[in-house]
Every structure is written in C-alpha cells, then in structure tokens.
Amino acid sequence: MFKRNGVYFLLTSGATGWAPNQQKYATATSVTGTWSDLKDIGDRNAYGSQTAYVLPVQGTSRTSYLYMGDRWGNSMGGTVHDSRYVWLPLKFPTKTTMTMDYHPQITIDTATGTVRGLGTWETLTASHSGKCADVADRSTADGAALVQWGCANAVNQQFWLKAAGNGRVQIVARYSGKCLAVRDGSTADGAAIVQYACDGTAAQQWRVTGSGNTVQLAAVRSGKCLDVTNTSTSDGTPLIQWSCNGGANQNWLRTAA
C-alpha cells in the first residue's frame with residue numbers, strides 16, 4: 001500500500017504457490033475505505049513477478065513510483081537460487097488509475113525524481129518458415145536452448161537488441177533477462193544457440209547486417225550466422241550457428257513486439 005496525492009493505492013495479486021498471478025489494484029481516500037473494485041494492472045502474470053514493494057522516488061521536479069517485484073526461480077523453470085527482481089515504472093493516467101508496462105531497462109534520476117523505461121522488445125521471425133525465435137519451454141535456466149516456434153506474441157519470443165558498442169549488440173531474452181550465445185563459446189558449424197546470464201563479453205555479442213528490417217545476426221567470436229537447422233519449418237527446430245551463406249533460414253525479420 002502507498003499514498004499518492006491524497007489517494008491510497010493497494011497493489012496485490014492472487015497466490016498460486018511460487019507462480020506469479022495477475023496483479024490488481026484498488027484505491028481509496030482513506031485506509032478504512034470505501035475501497036474501489038480491484039482493477040488489472042500489467043500483463044496476466046505481472047511480467048513474471050509478484051508484488052514486493054512500491055518505492056517513491058522523490059526529487060526536485062516530481063515524485064515517481066517504482067514497482068519492485070519478486071520473480072521466483074521456482075516458477076520459471078529454475079530453483080530458488082535463480083530468483084531475481086523486476087523493477088518497473090508505475091504511471092498514473094488519472095488521480096485514481098495506475099498502469100505498468102514492461103521495459104528491458106530503466107533509468108532512475110534520484111535528483112529530479114524521474115523513473116523511465118528504455119529499450120524496445122522485438123520478435124525475430126525466420127524468413128523461410130515464418131516462425132519465431134523462441135526460448136524453449138519458457139526456461140530461465142542457463143544453457144536453455146533457442147528454437148523456432150509458431151509466432152504467438154509470447155514473452156519468451158521477445159528480445160532486446162541492446163547496443164554493445166563497436167557496431168555490436170547483445171540479444172537479451174525478455175522472459176529470462178539472459179543473453180543469447182553459442183554454447184560453450186564454440187566456433188564450429190552446428191553449435192547450439194542458448195541463453196546465459198549476461199556478462200558483456202564478446203561471446204555474447206552479435207553483428208547485425210542487412211537492409212531494412214530483415215537482417216542477419218553473426219556471432220562476433222565465430223563470425224557465423226544465426227541459422228535454423230537444415231532449413232526446417234518444424235516447431236521446436238534448434239537454432240544453431242552456421243557459416244553465413246545468405247540463405248532464408250539465416251534471414252530474420254525484426255518486428256516491434
């Protein structure tokens with residue numbers, strides 16, 4: 001519960017073991033009520049988190065409110081040791097309404113009291129199959145495989161091509177917050193593409209080439225391209241690296257999610 005401009009906001013959710021649920025909020029002008037009906041906020045599972053705290057960030061020009069949620073590893077295909085936090089800016093269209101959107105990165109200016117979301121999520125669609133790059137089984141574990149799957153606007157099919165300098169990017173998976181890389185840093189044709197905790201090294205960096213929104217993604221360490229195995233069109237086909245050849249199974253359409 002927190003108070004903003006004379007209005008109390010109660011942010012809560014259902015409880016299903018470790019699993020996140022739809023977050024909801026209610027408002028009142030007094031702690032003792034009368035409270036409004038509960039309204040949904042965020043997506044159906046609060047972007048894989050559960051409400052822990054709302055932090056006011058008070059500065060010289062405004063007071064912003066920072067959502068702080070727990071993301072339990074047990075609910076995301078890992079263990080409790082894989083748990084992490086989700087921090088997001090809260091917005092207030094009116095005095096008694098509240099919204100929350102997901103961003104790959106946020107910036108906090110404690111001097112002015114400003115909290116802003118940065119970055120854009122994208123889907124990567126294989127040109128030959130029309131299917132999307134996908135973190136298999138919505139896993140958050142290190143080493144989880146990347147596959148192609150029918151595009152469903154699913155959060156495990158969304159990525160942030162985060163600038164890493166020198167014309168390189170990191171490909172950050174939205175659902176896990178982890179970076180795409182070639183397994184074990186291999187330079188061999190056919191090596192699997194997986195996710196690992198982001199560490200900023202060249203092993204997790206890619207070069208983007210191509211015209212318009214259709215691009216090729218080449219692993220910096222090997223110089224080889226992100227490729228759908230054997231030009232398959234089947235769901236679940238592993239993504240690998242292969243010598244760049246301009247094939248349709250190495251061309252990826254970038255679309256804002």
# chains A, B, ... in the order shown; residues from 1 in each chain; ligands from 1
$ select_by_dssp --residues "region 38-160 of chain A" --states "strand (DSSP E or B)" --output "ChimeraX atom specification"
/A:39-41,50-58,63-71,84-91,99-100,105-109,114-118,122-126,132-135,145-149,159-160
$ residues_around --residues "Thr12 (chain A)" --least-positions-apart "2" --cutoff "10 Å" --atoms "only C-alpha atoms" --output "list in words"
Met1, Phe9, Leu10, Gly14, Ala15, Asn21, Gln22, Gln23, Lys24, Tyr25, Ala26, Leu38, Asp40, Ile41, Gln50, Thr51 and Ala52 of chain A
$ write_last_selection --atoms "N, CA and C atoms" --output "CSV table (one decimal), in the first residue's frame"
chain,number,residue,atom,x,y,z
A,1,MET,N,0.8,-1.2,0.0
A,1,MET,CA,0.0,0.0,0.0
A,1,MET,C,0.9,1.2,0.0
A,9,PHE,N,-3.3,3.6,-2.7
A,9,PHE,CA,-3.3,2.6,-3.7
A,9,PHE,C,-2.9,1.3,-3.0
A,10,LEU,N,-3.6,0.2,-3.2
A,10,LEU,CA,-3.3,-1.1,-2.7
A,10,LEU,C,-3.0,-2.0,-3.9
A,14,GLY,N,-3.5,-12.6,-6.7
A,14,GLY,CA,-3.8,-13.9,-6.1
A,14,GLY,C,-2.5,-14.6,-5.7
A,15,ALA,N,-2.6,-15.8,-5.2
A,15,ALA,CA,-1.4,-16.6,-4.8
A,15,ALA,C,-1.6,-18.0,-5.3
A,21,ASN,N,0.9,-14.2,-10.6
A,21,ASN,CA,-0.5,-14.1,-11.0
A,21,ASN,C,-0.8,-12.7,-11.5
A,22,GLN,N,-2.0,-12.5,-12.0
A,22,GLN,CA,-2.4,-11.2,-12.5
A,22,GLN,C,-2.4,-10.2,-11.3
A,23,GLN,N,-1.7,-9.1,-11.4
A,23,GLN,CA,-1.7,-8.1,-10.3
A,23,GLN,C,-2.9,-7.2,-10.5
A,24,LYS,N,-3.4,-6.8,-9.3
A,24,LYS,CA,-4.6,-5.9,-9.3
A,24,LYS,C,-4.4,-4.8,-8.3
A,25,TYR,N,-5.2,-3.7,-8.5
A,25,TYR,CA,-5.1,-2.6,-7.5
A,25,TYR,C,-6.4,-2.0,-7.2
A,26,ALA,N,-6.5,-1.4,-6.1
A,26,ALA,CA,-7.7,-0.7,-5.7
A,26,ALA,C,-7.3,0.6,-5.1
A,38,LEU,N,-11.3,-4.0,-7.5
A,38,LEU,CA,-10.0,-4.3,-8.0
A,38,LEU,C,-9.9,-4.2,-9.5
A,40,ASP,N,-7.2,-4.7,-13.0
A,40,ASP,CA,-6.0,-5.4,-13.5
A,40,ASP,C,-4.9,-4.3,-13.8
A,41,ILE,N,-3.7,-4.7,-13.6
A,41,ILE,CA,-2.5,-3.9,-14.0
A,41,ILE,C,-1.4,-4.8,-14.5
A,50,GLN,N,5.9,-11.0,-8.6
A,50,GLN,CA,4.8,-10.8,-7.6
A,50,GLN,C,5.2,-9.6,-6.8
A,51,THR,N,4.2,-8.8,-6.5
A,51,THR,CA,4.4,-7.5,-5.8
A,51,THR,C,5.2,-7.7,-4.5
A,52,ALA,N,6.3,-6.9,-4.4
A,52,ALA,CA,7.0,-6.9,-3.1
A,52,ALA,C,7.0,-5.5,-2.4
$ select_by_dssp --residues "region 7-223 of chain A" --states "helix (DSSP H, G or I)" --output "number ranges by chain"
A: 73-75, 80-82, 136-138, 155-157, 183-185, 202-204
$ atom_distance --atom1 "CA of Tyr175 (chain A)" --atom2 "CA of Tyr47 (chain A)"
7.8 Å
$ residues_around --residues "region 161-174 of chain A" --least-positions-apart "3" --cutoff "8 Å" --atoms "only C-alpha atoms" --output "JSON, numbers by chain"
{"A": [104, 119, 121, 122, 135, 155, 156, 157, 158, 177, 178, 179, 180, 195, 198, 200, 204, 205, 206, 207, 208, 220]}
$ closest_residue --among "A:Gly130, A:Gly59, A:Pro89, A:Gly77" --to "Thr112 (chain A)" --atoms "only C-alpha atoms"
A:Gly59
$ closest_residue --among "A:Asn251, A:Val86, A:Gly143, A:Thr63" --to "Gly212 (chain A)" --atoms "only C-alpha atoms"
A:Asn251
$ atom_distance --atom1 "CA of Ser232 (chain A)" --atom2 "CA of Thr125 (chain A)"
13.5 Å
$ closest_residue --among "A:Ala133, A:Ala248, A:Ala181, A:Ala257" --to "Lys224 (chain A)" --atoms "only C-alpha atoms"
A:Ala181
